[in-house]
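Coordinates from model-v1.cif are shown below (mmCIF, C-alpha atoms).
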data_model
#
loop_
_atom_site.label_atom_id
_atom_site.label_comp_id
_atom_site.auth_asym_id
_atom_site.auth_seq_id
_atom_site.Cartn_x
_atom_site.Cartn_y
_atom_site.Cartn_z
CA MET A 1 128.36 155.97 107.33
CA SER A 2 130.45 157.06 110.31
CA GLU A 3 133.25 157.79 107.83
CA ALA A 4 130.97 160.30 106.06
CA VAL A 5 129.65 161.92 109.25
CA VAL A 6 133.10 162.00 110.92
CA PRO A 7 132.02 161.98 114.57
CA PRO A 8 134.83 162.97 116.96
CA ARG A 9 134.97 159.56 118.62
CA ALA A 10 133.17 156.46 117.34
CA LEU A 11 133.19 152.84 118.40
CA TRP A 12 132.28 150.35 115.68
CA VAL A 13 130.54 147.34 117.21
CA PRO A 14 129.95 143.96 115.53
CA PHE A 15 126.36 143.53 116.71
CA PRO A 16 123.13 143.10 114.72
CA LEU A 17 120.97 146.12 113.91
CA GLY A 18 118.72 146.84 116.88
CA ARG A 19 121.32 145.65 119.44
CA PRO A 20 123.87 148.47 119.66
CA LEU A 21 125.11 147.42 123.11
CA GLY A 22 125.34 143.76 122.17
CA VAL A 23 123.57 141.56 124.70
CA VAL A 24 120.20 141.93 126.42
CA ASP A 25 120.02 141.66 130.20
CA ASP A 26 123.82 141.57 130.50
CA SER A 27 124.76 144.77 132.27
CA GLU A 28 128.47 143.93 132.42
CA PHE A 29 128.67 143.30 128.67
CA GLN A 30 126.78 146.52 127.98
CA LYS A 31 129.00 148.49 130.36
CA SER A 32 132.12 147.02 128.75
CA VAL A 33 130.99 148.40 125.38
CA MET A 34 130.25 151.79 126.95
CA ARG A 35 133.54 151.91 128.86
CA THR A 36 135.42 151.26 125.62
CA ALA A 37 133.55 154.10 123.92
CA PHE A 38 134.16 156.44 126.87
CA GLY A 39 137.84 155.43 126.78
CA LEU A 40 138.18 157.28 123.49
CA LEU A 41 137.80 160.48 125.49
CA ASP A 42 141.26 159.79 126.90
CA THR A 43 142.98 158.38 123.83
CA ALA A 44 141.62 160.09 120.73
CA THR A 45 143.25 163.34 119.65
CA GLU A 46 141.53 163.57 116.27
CA PRO A 47 138.36 162.03 114.74
CA THR A 48 138.69 158.34 115.47
CA ILE A 49 136.72 155.20 114.63
CA GLU A 50 137.82 152.30 116.82
CA ASP A 51 136.76 148.68 116.37
CA TYR A 52 135.19 146.77 119.25
CA GLU A 53 136.45 143.24 118.69
CA ILE A 54 134.41 141.26 121.23
CA GLN A 55 131.51 139.30 119.75
CA ALA A 56 128.16 139.14 121.49
CA PRO A 57 127.82 135.66 122.99
CA GLY A 58 124.75 133.80 121.83
CA GLU A 59 124.20 136.10 118.89
CA GLY A 60 123.50 133.18 116.57
CA LEU A 61 121.52 130.98 118.94
CA SER A 62 118.31 131.47 117.05
CA GLU A 63 119.62 130.44 113.63
CA ASN A 64 117.94 127.05 113.89
CA TRP A 65 114.91 128.29 115.77
CA SER A 66 111.52 126.75 115.09
CA CYS A 67 108.23 127.73 116.68
CA PRO A 68 107.13 125.27 119.38
CA LEU A 69 103.47 126.25 118.88
CA ASN A 70 101.17 124.67 116.36
CA LEU A 71 99.45 127.64 114.78
CA SER A 72 97.63 125.76 112.05
CA THR A 73 94.13 127.18 111.76
CA GLU A 74 91.11 126.36 109.60
CA SER A 75 92.45 127.13 106.11
CA SER A 76 89.04 127.61 104.51
CA GLY A 77 88.03 130.65 106.55
CA SER A 78 88.44 134.27 105.51
CA LEU A 79 91.77 135.95 106.06
CA THR A 80 90.21 137.97 108.88
CA ASP A 81 88.91 134.86 110.62
CA ARG A 82 92.19 133.02 110.24
CA LEU A 83 94.26 135.96 111.48
CA LEU A 84 91.99 136.38 114.49
CA ALA A 85 92.29 132.65 115.22
CA GLU A 86 96.08 132.89 115.05
CA VAL A 87 96.09 135.89 117.37
CA ALA A 88 93.85 134.01 119.81
CA LEU A 89 96.34 131.12 119.95
CA LEU A 90 99.18 133.52 120.75
CA ARG A 91 97.30 135.73 123.21
CA PRO A 92 97.91 133.77 126.47
CA TRP A 93 101.65 133.76 125.79
CA ALA A 94 101.79 137.45 124.92
CA ILE A 95 99.89 138.27 128.11
CA GLU A 96 102.45 136.26 130.07
CA THR A 97 105.37 138.20 128.55
CA ARG A 98 103.66 141.50 129.35
CA ARG A 99 103.09 140.31 132.90
CA GLN A 100 106.73 139.31 133.31
CA ARG A 101 108.15 142.48 131.76
CA GLY A 102 105.52 144.89 133.00
CA ARG A 103 105.52 146.56 129.60
CA THR A 104 104.83 146.03 125.91
CA LEU A 105 106.01 147.56 122.64
CA PHE A 106 102.48 147.21 121.24
CA GLY A 107 100.60 150.44 120.55
CA ALA A 108 102.78 152.72 118.40
CA SER A 109 100.04 152.67 115.73
CA GLY A 110 97.68 154.40 118.15
CA ALA A 111 95.87 151.28 119.30
CA GLY A 112 95.45 150.62 122.99
CA GLU A 113 97.48 147.85 124.58
CA ASP A 114 94.46 145.51 124.65
CA GLN A 115 93.22 146.20 121.12
CA VAL A 116 95.04 143.38 119.36
CA ASP A 117 91.86 141.94 117.83
CA GLU A 118 90.87 145.36 116.52
CA LEU A 119 94.30 145.74 114.95
CA ALA A 120 94.21 142.26 113.42
CA ARG A 121 90.79 142.96 111.93
CA ALA A 122 91.98 146.30 110.53
CA PHE A 123 95.10 144.79 108.98
CA ALA A 124 93.20 141.87 107.45
CA SER A 125 90.74 144.37 106.02
CA ILE A 126 93.54 146.30 104.31
CA ALA A 127 94.93 143.02 102.97
CA GLU A 128 91.61 141.70 101.69
CA THR A 129 90.34 144.90 100.10
CA GLY A 130 93.64 146.39 98.89
CA GLU A 131 92.45 149.74 100.28
CA VAL A 132 95.63 151.66 101.11
CA THR A 133 94.39 155.24 100.93
CA SER A 134 91.78 155.45 103.68
CA ALA A 135 92.47 154.33 107.23
CA PRO A 136 90.27 151.49 108.45
CA VAL A 137 87.61 152.74 110.80
CA VAL A 138 87.91 151.11 114.19
CA VAL A 139 85.83 152.24 117.13
CA ASP A 140 87.87 153.62 120.03
CA VAL A 141 91.16 153.71 118.11
CA ALA A 142 92.74 157.07 117.30
CA TRP A 143 95.32 156.20 114.66
CA ALA A 144 98.70 157.89 115.11
CA PHE A 145 99.40 157.85 111.35
CA ASP A 146 97.68 158.37 108.04
CA MET A 147 97.54 155.73 105.36
CA PRO A 148 99.52 154.27 103.77
CA LEU A 149 102.18 154.67 106.51
CA LEU A 150 99.63 153.50 109.07
CA ALA A 151 99.62 150.04 107.50
CA ARG A 152 103.29 149.43 108.32
CA HIS A 153 102.83 150.59 111.92
CA ILE A 154 99.81 148.30 112.38
CA ALA A 155 102.01 145.52 111.02
CA ASP A 156 104.78 146.46 113.46
CA ASP A 157 102.37 146.31 116.40
CA LEU A 158 101.23 142.86 115.30
CA ARG A 159 104.86 141.74 114.87
CA SER A 160 105.58 142.97 118.39
CA PHE A 161 102.58 141.00 119.69
CA TYR A 162 103.77 137.85 117.94
CA HIS A 163 107.30 138.22 119.24
CA GLU A 164 106.13 138.92 122.77
CA ALA A 165 104.09 135.69 122.56
CA LEU A 166 107.16 133.75 121.44
CA ALA A 167 109.31 135.29 124.16
CA ALA A 168 107.19 133.57 126.82
CA GLN A 169 107.91 130.06 125.49
CA PRO A 170 109.87 127.82 127.87
CA GLY A 171 113.64 127.85 127.42
CA ASP A 172 115.86 130.15 125.41
CA THR A 173 113.65 130.00 122.36
CA ALA A 174 112.82 133.58 121.40
CA PRO A 175 113.83 134.01 117.76
CA ASN A 176 116.15 136.71 116.52
CA HIS A 177 115.12 139.11 113.76
CA ASP A 178 115.97 136.76 110.88
CA ALA A 179 114.34 133.71 112.46
CA LEU A 180 111.23 135.70 113.35
CA ASN A 181 110.83 136.90 109.77
CA ARG A 182 111.44 133.45 108.28
CA TRP A 183 108.70 132.12 110.55
CA ILE A 184 106.25 134.97 109.93
CA PHE A 185 106.55 134.81 106.15
CA GLY A 186 106.86 131.04 105.96
CA GLU A 187 104.30 129.79 108.44
CA THR A 188 101.83 132.41 109.62
CA VAL A 189 98.61 134.03 108.46
CA LEU A 190 100.18 137.36 109.41
CA GLY A 191 102.88 136.76 106.78
CA GLU A 192 100.18 136.05 104.18
CA ALA A 193 98.42 139.29 105.15
CA LEU A 194 101.67 141.29 104.98
CA LEU A 195 102.32 140.18 101.41
CA LEU A 196 98.74 140.98 100.38
CA VAL A 197 99.07 144.49 101.83
CA ALA A 198 102.37 144.85 99.94
CA ASP A 199 100.57 143.87 96.74
CA GLY A 200 97.92 146.50 97.50
CA LEU A 201 100.64 149.10 97.83
CA THR A 202 102.17 147.95 94.53
CA LYS A 203 98.85 148.44 92.75
CA ALA A 204 98.46 151.96 94.18
CA SER A 205 100.97 153.29 91.68
CA ASP A 206 99.42 156.77 91.68
CA LEU A 207 99.62 157.13 95.46
CA PRO A 208 102.69 159.03 96.64
CA MET A 209 104.64 157.06 99.24
CA ALA A 210 102.92 153.72 98.50
CA GLN A 211 105.97 152.04 96.98
CA LEU A 212 108.22 153.42 99.71
CA VAL A 213 105.86 152.20 102.43
CA ARG A 214 106.02 148.73 100.87
CA GLY A 215 109.77 148.78 101.56
CA LEU A 216 109.10 149.94 105.12
CA LEU A 217 106.56 147.13 105.59
CA ILE A 218 108.43 144.07 104.32
CA PRO A 219 111.97 143.27 105.58
CA GLU A 220 114.61 142.90 102.90
CA GLY A 221 114.58 139.52 101.19
CA HIS A 222 110.96 138.68 101.94
CA TYR A 223 109.13 140.35 99.04
CA ARG A 224 109.13 138.03 96.08
CA GLY A 225 112.60 136.93 97.11
CA GLY A 226 114.08 140.40 97.06
CA SER A 227 113.64 143.98 98.12
CA ALA A 228 110.27 145.61 98.69
CA PHE A 229 111.77 149.05 98.09
CA PRO A 230 111.24 150.60 94.66
CA GLU A 231 114.24 150.81 92.38
CA GLU A 232 113.84 154.59 92.39
CA THR A 233 115.89 155.70 95.38
CA ASN A 234 114.83 159.36 95.37
CA PHE A 235 112.05 158.69 97.86
CA PRO A 236 109.42 161.33 98.44
CA ILE A 237 109.80 162.41 102.04
CA ASN A 238 108.12 165.01 104.13
CA PRO A 239 110.85 166.92 105.95
CA GLY A 240 108.38 169.21 107.64
CA THR A 241 106.97 166.55 109.90
CA MET B 1 126.80 148.79 113.66
CA VAL B 2 126.40 145.42 112.05
CA ARG B 3 128.85 143.97 109.52
CA LEU B 4 127.57 144.23 105.96
CA SER B 5 128.47 140.55 105.55
CA ASP B 6 125.99 139.65 108.31
CA LEU B 7 123.08 141.38 106.60
CA HIS B 8 120.75 140.04 103.94
CA PRO B 9 122.54 140.69 100.62
CA VAL B 10 119.78 143.03 99.46
CA GLU B 11 120.03 145.09 102.65
CA ALA B 12 123.84 145.11 102.50
CA GLU B 13 123.78 146.43 98.93
CA HIS B 14 121.17 149.03 99.86
CA LEU B 15 123.20 150.33 102.82
CA SER B 16 126.43 150.33 100.80
CA MET B 17 124.81 152.49 98.14
CA ARG B 18 123.44 154.82 100.81
CA ALA B 19 126.86 155.17 102.42
CA LEU B 20 128.56 155.97 99.12
CA ALA B 21 125.93 158.60 98.29
CA MET B 22 126.02 160.19 101.72
CA PRO B 23 127.43 163.72 101.64
CA ALA B 24 130.37 164.40 103.93
CA VAL B 25 129.38 166.32 107.06
CA GLY B 26 132.26 166.52 109.52
CA PRO B 27 134.56 166.96 111.17
CA GLY B 28 133.30 169.49 113.66
CA GLU B 29 135.22 171.53 116.18
CA TRP B 30 137.41 169.31 118.39
CA ILE B 31 136.38 169.58 122.02
CA THR B 32 137.92 167.83 125.01
CA PRO B 33 135.33 167.53 127.78
CA ARG B 34 136.06 167.55 131.47
CA PRO B 35 137.29 164.23 132.96
CA LEU B 36 134.74 161.43 132.73
CA ASP B 37 134.37 161.06 136.48
CA GLN B 38 133.30 164.69 136.64
CA ALA B 39 131.22 164.74 133.44
CA THR B 40 127.44 164.71 133.01
CA VAL B 41 126.33 162.36 130.23
CA ALA B 42 123.20 162.50 128.03
CA ILE B 43 121.98 159.81 125.62
CA VAL B 44 121.14 160.72 122.02
CA SER B 45 119.31 157.88 120.25
CA THR B 46 118.37 157.46 116.59
CA ALA B 47 115.95 154.61 117.31
CA GLY B 48 112.76 156.60 116.77
CA LEU B 49 112.22 156.23 120.50
CA HIS B 50 109.63 158.31 122.34
CA ARG B 51 107.07 158.33 125.12
CA ARG B 52 103.59 157.04 124.31
CA ILE B 53 102.13 160.51 124.77
CA ASP B 54 104.52 162.05 122.22
CA PRO B 55 103.71 162.38 118.53
CA PRO B 56 105.33 159.51 116.63
CA PHE B 57 108.11 159.96 114.11
CA THR B 58 107.29 159.63 110.44
CA VAL B 59 109.15 159.31 107.15
CA GLY B 60 111.72 162.08 106.89
CA SER B 61 111.26 163.38 110.44
CA LEU B 62 113.97 165.91 111.23
CA ASP B 63 112.74 166.82 114.69
CA TYR B 64 113.45 165.12 117.99
CA ARG B 65 111.73 163.95 121.13
CA LEU B 66 112.76 164.72 124.68
CA ILE B 67 113.05 161.77 127.03
CA PRO B 68 113.12 162.80 130.70
CA GLY B 69 115.75 160.96 132.68
CA ASP B 70 113.13 159.48 135.01
CA THR B 71 110.96 158.04 132.23
CA GLU B 72 109.86 154.48 132.96
CA PHE B 73 110.58 151.87 130.30
CA ASP B 74 106.90 150.93 130.03
CA ASP B 75 106.25 154.46 128.76
CA LEU B 76 108.64 154.13 125.79
CA VAL B 77 107.77 152.92 122.29
CA LEU B 78 109.54 152.90 118.92
CA SER B 79 108.08 154.45 115.77
CA HIS B 80 111.21 154.04 113.64
CA ILE B 81 110.06 153.36 110.08
CA SER B 82 112.53 150.62 109.14
CA ALA B 83 111.44 146.98 109.07
CA ASN B 84 115.05 145.85 108.97
CA PHE B 85 116.23 145.94 112.55
CA ASP B 86 115.53 143.77 115.53
CA ARG B 87 112.97 145.40 117.82
CA SER B 88 112.71 142.34 120.02
CA ALA B 89 115.93 143.18 121.86
CA PHE B 90 114.50 146.54 122.94
CA GLY B 91 111.34 144.75 124.06
CA GLU B 92 113.39 142.38 126.19
CA ASP B 93 115.82 144.93 127.63
CA PRO B 94 115.42 148.62 126.71
CA ASN B 95 118.94 149.31 128.02
CA ILE B 96 120.38 147.67 124.92
CA VAL B 97 119.15 150.71 122.96
CA PHE B 98 118.64 153.32 125.67
CA PRO B 99 121.18 152.49 128.41
CA ILE B 100 119.85 154.78 131.10
CA ASP B 101 120.28 152.15 133.85
CA ARG B 102 123.92 151.67 132.83
CA LEU B 103 124.52 155.42 133.11
CA ARG B 104 122.91 155.46 136.55
CA GLU B 105 125.19 152.61 137.62
CA PHE B 106 128.24 154.48 136.28
CA ALA B 107 127.14 157.55 138.22
CA SER B 108 126.66 155.52 141.41
CA SER B 109 130.11 153.97 141.11
CA GLY B 110 131.71 157.32 140.33
CA GLU B 111 132.82 156.36 136.81
CA ILE B 112 130.88 159.33 135.42
CA GLY B 113 130.02 162.54 137.18
CA GLY B 114 126.28 162.33 136.63
CA VAL B 115 123.33 161.55 134.37
CA ALA B 116 121.63 164.35 132.44
CA ARG B 117 118.11 165.37 133.32
CA TRP B 118 117.04 165.12 129.67
CA HIS B 119 117.89 162.76 126.83
CA TYR B 120 117.08 163.03 123.12
CA SER B 121 115.77 160.81 120.36
CA PHE B 122 115.76 161.18 116.59
CA MET B 123 114.44 159.18 113.68
CA GLY B 124 117.31 157.42 111.93
CA ALA B 125 117.48 156.16 108.34
CA MET B 126 118.07 159.66 107.00
CA PRO B 127 120.19 159.55 103.83
CA ASP B 128 121.49 163.12 104.30
CA PRO B 129 122.51 163.72 107.93
CA SER B 130 123.33 167.37 107.18
CA GLN B 131 119.57 167.98 107.34
CA PHE B 132 119.77 167.47 111.11
CA GLU B 133 122.01 170.52 111.52
CA LYS B 134 119.28 172.80 112.86
CA ALA B 135 117.92 170.26 115.36
CA GLY B 136 121.44 169.25 116.30
CA GLU B 137 122.39 172.82 117.15
CA GLU B 138 119.17 173.16 119.13
CA ILE B 139 119.75 170.13 121.33
CA GLY B 140 123.36 171.25 121.72
CA ARG B 141 122.08 174.44 123.33
CA LEU B 142 119.63 172.47 125.47
CA MET B 143 122.35 170.10 126.63
CA ALA B 144 124.62 173.01 127.50
CA GLN B 145 121.85 174.52 129.63
CA ASP B 146 121.31 171.11 131.26
CA GLY B 147 124.99 170.99 132.23
CA VAL B 148 125.79 168.12 129.85
CA ASP B 149 129.46 167.50 129.09
CA ILE B 150 129.22 164.35 126.96
CA ALA B 151 126.60 163.29 124.40
CA PHE B 152 126.56 159.49 124.12
CA LEU B 153 125.15 158.78 120.65
CA VAL B 154 123.54 155.37 120.26
CA PRO B 155 122.52 154.50 116.68
CA ILE B 156 120.06 151.66 116.33
#
Any chance you could put this one into C-alpha cells?
Amino acid sequence: MSEAVVPPRALWVPFPLGRPLGVVDDSEFQKSVMRTAFGLLDTATEPTIEDYEIQAPGEGLSENWSCPLNLSTESSGSLTDRLLAEVALLRPWAIETRRQRGRTLFGASGAGEDQVDELARAFASIAETGEVTSAPVVVDVAWAFDMPLLARHIADDLRSFYHEALAAQPGDTAPNHDALNRWIFGETVLGEALLLVADGLTKASDLPMAQLVRGLLIPEGHYRGGSAFPEETNFPINPGT
Amino acid sequence: MVRLSDLHPVEAEHLSMRALAMPAVGPGEWITPRPLDQATVAIVSTAGLHRRIDPPFTVGSLDYRLIPGDTEFDDLVLSHISANFDRSAFGEDPNIVFPIDRLREFASSGEIGGVARWHYSFMGAMPDPSQFEKAGEEIGRLMAQDGVDIAFLVPI
C-alpha cells in the first residue's frame, strides 16, 4: 500500500497489525524503530521505503496460550444468563487490570466504564432476537452509533473487557490477537453470541451495511471457517460522516 | 506493517486485492525539513484514535480528530472499524500506537527540537487514500501554523 501512496520516507516494519512500534512497554525498542524512521530524513533523496529488519522479541509467545480460568457456566441457561455469568467470572480480573493501568479501552460504544452487564445484556439480546435494525434500549446508555454498526462496537467493548481480564492473570499469559480470537470463538459464550449476531446480519439481506458490518464484527477466518466480508467488495460507505 | 505471510490467508488475500486496486496517489513535492534536533514533530495516526468526548469514527470517515499533546492516555479510545488488528497492545501501552512519551523523551534528550502542541488521528482501512486529500491539506495548514516541521505517520 505504501508503494501506491508513495510517501516521501517510509519504514516497513515486520510487526503484527496493531503494534506499529513493535514491543509494548519497551521504550528503547520503540525509540530504535523511530530513530531508524527519522534517519531517513538524512539519507533519503527521493521517495524511499526502507525495511526494518529487527524482529520484535516475544512476538510469538502467545501461540500456545491457553486460558488459565475455567469459564464453564451452566449450559442450560439462556444466552443472556450464560453471558452474564461469564462476565461475572471475568470481572474481578478486569477490575484489577484497570486498577493497575489506571485506564480501560472499554466504552467506545457509548457505554460507561462500569456498564459491562448492560452491554452484555444488550449484545445477547441482539444475538437471541436477530434484531439488527433497532438499537437495544438500555437505561442510562447513550449509544455512540446506530445499528447495525453499533453491534460491532458493543462486541469490541466486550472483547476489550475480556482481554483486560486476561491481562491480569499471573505471569506472561496475556494472549495475542490470534490466541484471543481462537479462545473467544472456541471456548466462550461471547464467541457463541458473536456468531449468532453475524447470522442475524446475514439474514438482514435488505439492510444496507449489514453484510459489511458482519465483516467488521468477525475477524478473518472465524466465520464458518472463512471471511465474514461479503464477496461484493464495492462496500456502501458514508463518506460524509 | 505486518508481513502478508504472517496474516490469516483470508486476510492476506483481502489486503493483497486492496493493494492492487488502490489508485496511485504520490509522490508529492519533495521537502527537506530543518535538522531533526531543531524540528518540531507531530504524530498522525490512522488508528481511529480519539478522546472519549469526541464523536467516534464510522465506516468511510474522511475527517480527523485533534489530539492535544497533553491528553492523558486514560482519555483515549479506539473506534477503528476493523476487527483484524490487535487492540490489546494499545490497551497495555498506548505508546506502541501513539508514541507521545517517546517524542517527549527525544525532546528532553535533544534528539528532536520539540513536540507539537496538537496531533491528528484518522480512520484507516480506506481503499482510496486520495479521498483524504481535503483533510490532509487542512491538517497540513494546521501543522504549519503550529510550527510543525515533521509529520510522523503511524499506521495501525
Report as a compact mmCIF listing (two decimals) with C-alpha atoms, keeping the file's coordinate frame the full result of the PyMOL selection byres ((chain B and resi 115-121) around 6) when it is applied to this structure.
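Just written: result.txt:
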# COMPACT_ATOMS: atom_id res chain seq x y z
CA THR B 40 127.44 164.71 133.01
CA VAL B 41 126.33 162.36 130.23
CA ALA B 42 123.20 162.50 128.03
CA ILE B 43 121.98 159.81 125.62
CA VAL B 44 121.14 160.72 122.02
CA SER B 45 119.31 157.88 120.25
CA THR B 46 118.37 157.46 116.59
CA LEU B 49 112.22 156.23 120.50
CA TYR B 64 113.45 165.12 117.99
CA ARG B 65 111.73 163.95 121.13
CA LEU B 66 112.76 164.72 124.68
CA ILE B 67 113.05 161.77 127.03
CA PRO B 68 113.12 162.80 130.70
CA GLY B 69 115.75 160.96 132.68
CA GLY B 114 126.28 162.33 136.63
CA PHE B 122 115.76 161.18 116.59
Going by the chain IDs and residue numbers used in this file, which residues fall under the PyMOL selection byres ((chain A and resi 103) around 10)? Write them as a short mmCIF file (atom, residue, chain, number, x, y, z; two decimals) with C-alpha atoms, in the frame of the given file.
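New file selection_38.cif:
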data_model
loop_
_atom_site.label_atom_id
_atom_site.label_comp_id
_atom_site.auth_asym_id
_atom_site.auth_seq_id
_atom_site.Cartn_x
_atom_site.Cartn_y
_atom_site.Cartn_z
CA THR A 97 105.37 138.20 128.55
CA ARG A 98 103.66 141.50 129.35
CA ARG A 99 103.09 140.31 132.90
CA GLN A 100 106.73 139.31 133.31
CA ARG A 101 108.15 142.48 131.76
CA GLY A 102 105.52 144.89 133.00
CA THR A 104 104.83 146.03 125.91
CA LEU A 105 106.01 147.56 122.64
CA PHE A 106 102.48 147.21 121.24
CA GLU A 113 97.48 147.85 124.58
CA GLU B 72 109.86 154.48 132.96
CA PHE B 73 110.58 151.87 130.30
CA ASP B 74 106.90 150.93 130.03
CA ASP B 75 106.25 154.46 128.76
CA LEU B 76 108.64 154.13 125.79
CA VAL B 77 107.77 152.92 122.29
CA GLY B 91 111.34 144.75 124.06
CA GLU B 92 113.39 142.38 126.19
#
- Step by step, work through what the PyMOL selection byres ((chain B and resi 96) around 9) selects in the shown file, and finish by giving those residues as JSON, numbers by chain. {"A": [18, 19, 20, 21, 22, 23, 24, 25, 26, 30], "B": [89, 90, 92, 93, 94, 95, 97, 98, 99]}
Written selection (C-alpha atoms) as a tab-separated table (two decimals), keeping the file's coordinate frame:
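Written output follows (selection-v3.tsv):
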chain	number	residue	atom	x	y	z
A	18	GLY	CA	118.72	146.84	116.88
A	19	ARG	CA	121.32	145.65	119.44
A	20	PRO	CA	123.87	148.47	119.66
A	21	LEU	CA	125.11	147.42	123.11
A	22	GLY	CA	125.34	143.76	122.17
A	23	VAL	CA	123.57	141.56	124.70
A	24	VAL	CA	120.20	141.93	126.42
A	25	ASP	CA	120.02	141.66	130.20
A	26	ASP	CA	123.82	141.57	130.50
A	30	GLN	CA	126.78	146.52	127.98
B	89	ALA	CA	115.93	143.18	121.86
B	90	PHE	CA	114.50	146.54	122.94
B	92	GLU	CA	113.39	142.38	126.19
B	93	ASP	CA	115.82	144.93	127.63
B	94	PRO	CA	115.42	148.62	126.71
B	95	ASN	CA	118.94	149.31	128.02
B	97	VAL	CA	119.15	150.71	122.96
B	98	PHE	CA	118.64	153.32	125.67
B	99	PRO	CA	121.18	152.49	128.41
- Neighbours of point (117.9, 146.0, 104.4) within 12 Å, using all atoms listed in the file, written as a PyMOL selection string: (chain A and resi 16-17+177-178+215-223+226-229) or (chain B and resi 2+4-18+82-86+125)
- Nearest candidate to chain A (options B:Ile150, B:Ala39, B:Val59, B:Ile112; using only C-alpha atoms): B:Val59
- Among listed residues B:Ala144, B:Leu78, B:Ile156, B:Met22, nearest His50 in chain B (using all atoms listed in the file):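 Residue with the minimum atom-to-atom distance to His50 in chain B: B:Leu78.
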- Query: What would the list of residues within 9 Å of (90.7, 157.7, 110.2) (file frame) look like as a VMD selection string, if all atoms listed in the file are what count?
  - Reply: chain A and resid 134 to 138 141 to 143 145 to 147
- Separation of CA of Gly130 in chain A and CA of Phe185 in chain A, in Å?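 Rounded to one decimal, the two atoms are 18.8 Å apart.
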- What's the 7 Å shell around range 154-157 of chain A, counting all atoms listed in the file, without same-chain residues fewer than 5 positions away, as number ranges by chain? A: 106-109, 119, 123
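Comparing B:Arg51, B:Leu142, B:Gly60, B:Ile31 by their smallest distance to Asp128 in chain B, the closest is B:Gly60 (using only C-alpha atoms).
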Reconstruct N, CA and C atoms of range 199-211 of chain A; output as an mmCIF file, keeping the file's coordinate frame.
data_model
loop_
_atom_site.group_PDB
_atom_site.id
_atom_site.type_symbol
_atom_site.label_atom_id
_atom_site.label_comp_id
_atom_site.auth_asym_id
_atom_site.auth_seq_id
_atom_site.Cartn_x
_atom_site.Cartn_y
_atom_site.Cartn_z
ATOM 1 N N ASP A 199 101.118 143.876 98.101
ATOM 2 C CA ASP A 199 100.570 143.870 96.740
ATOM 3 C C ASP A 199 99.603 145.039 96.539
ATOM 4 N N GLY A 200 98.819 145.346 97.583
ATOM 5 C CA GLY A 200 97.920 146.500 97.500
ATOM 6 C C GLY A 200 98.678 147.792 97.306
ATOM 7 N N LEU A 201 99.807 147.909 97.979
ATOM 8 C CA LEU A 201 100.640 149.100 97.830
ATOM 9 C C LEU A 201 101.250 149.150 96.423
ATOM 10 N N THR A 202 101.612 147.994 95.885
ATOM 11 C CA THR A 202 102.170 147.950 94.530
ATOM 12 C C THR A 202 101.147 148.452 93.514
ATOM 13 N N LYS A 203 99.899 148.045 93.699
ATOM 14 C CA LYS A 203 98.850 148.440 92.750
ATOM 15 C C LYS A 203 98.509 149.914 92.848
ATOM 16 N N ALA A 204 98.793 150.539 93.996
ATOM 17 C CA ALA A 204 98.460 151.960 94.180
ATOM 18 C C ALA A 204 99.566 152.832 93.598
ATOM 19 N N SER A 205 99.815 152.641 92.304
ATOM 20 C CA SER A 205 100.970 153.290 91.680
ATOM 21 C C SER A 205 100.832 154.808 91.623
ATOM 22 N N ASP A 206 99.597 155.310 91.730
ATOM 23 C CA ASP A 206 99.420 156.770 91.680
ATOM 24 C C ASP A 206 99.428 157.412 93.066
ATOM 25 N N LEU A 207 99.631 156.606 94.091
ATOM 26 C CA LEU A 207 99.620 157.130 95.460
ATOM 27 C C LEU A 207 101.052 157.432 95.905
ATOM 28 N N PRO A 208 101.347 158.714 96.156
ATOM 29 C CA PRO A 208 102.690 159.030 96.640
ATOM 30 C C PRO A 208 102.993 158.222 97.906
ATOM 31 N N MET A 209 104.182 157.789 98.046
ATOM 32 C CA MET A 209 104.640 157.060 99.240
ATOM 33 C C MET A 209 104.312 155.570 99.208
ATOM 34 N N ALA A 210 103.359 155.115 98.383
ATOM 35 C CA ALA A 210 102.920 153.720 98.500
ATOM 36 C C ALA A 210 104.068 152.746 98.291
ATOM 37 N N GLN A 211 104.892 152.985 97.265
ATOM 38 C CA GLN A 211 105.970 152.040 96.980
ATOM 39 C C GLN A 211 107.037 152.094 98.070
#
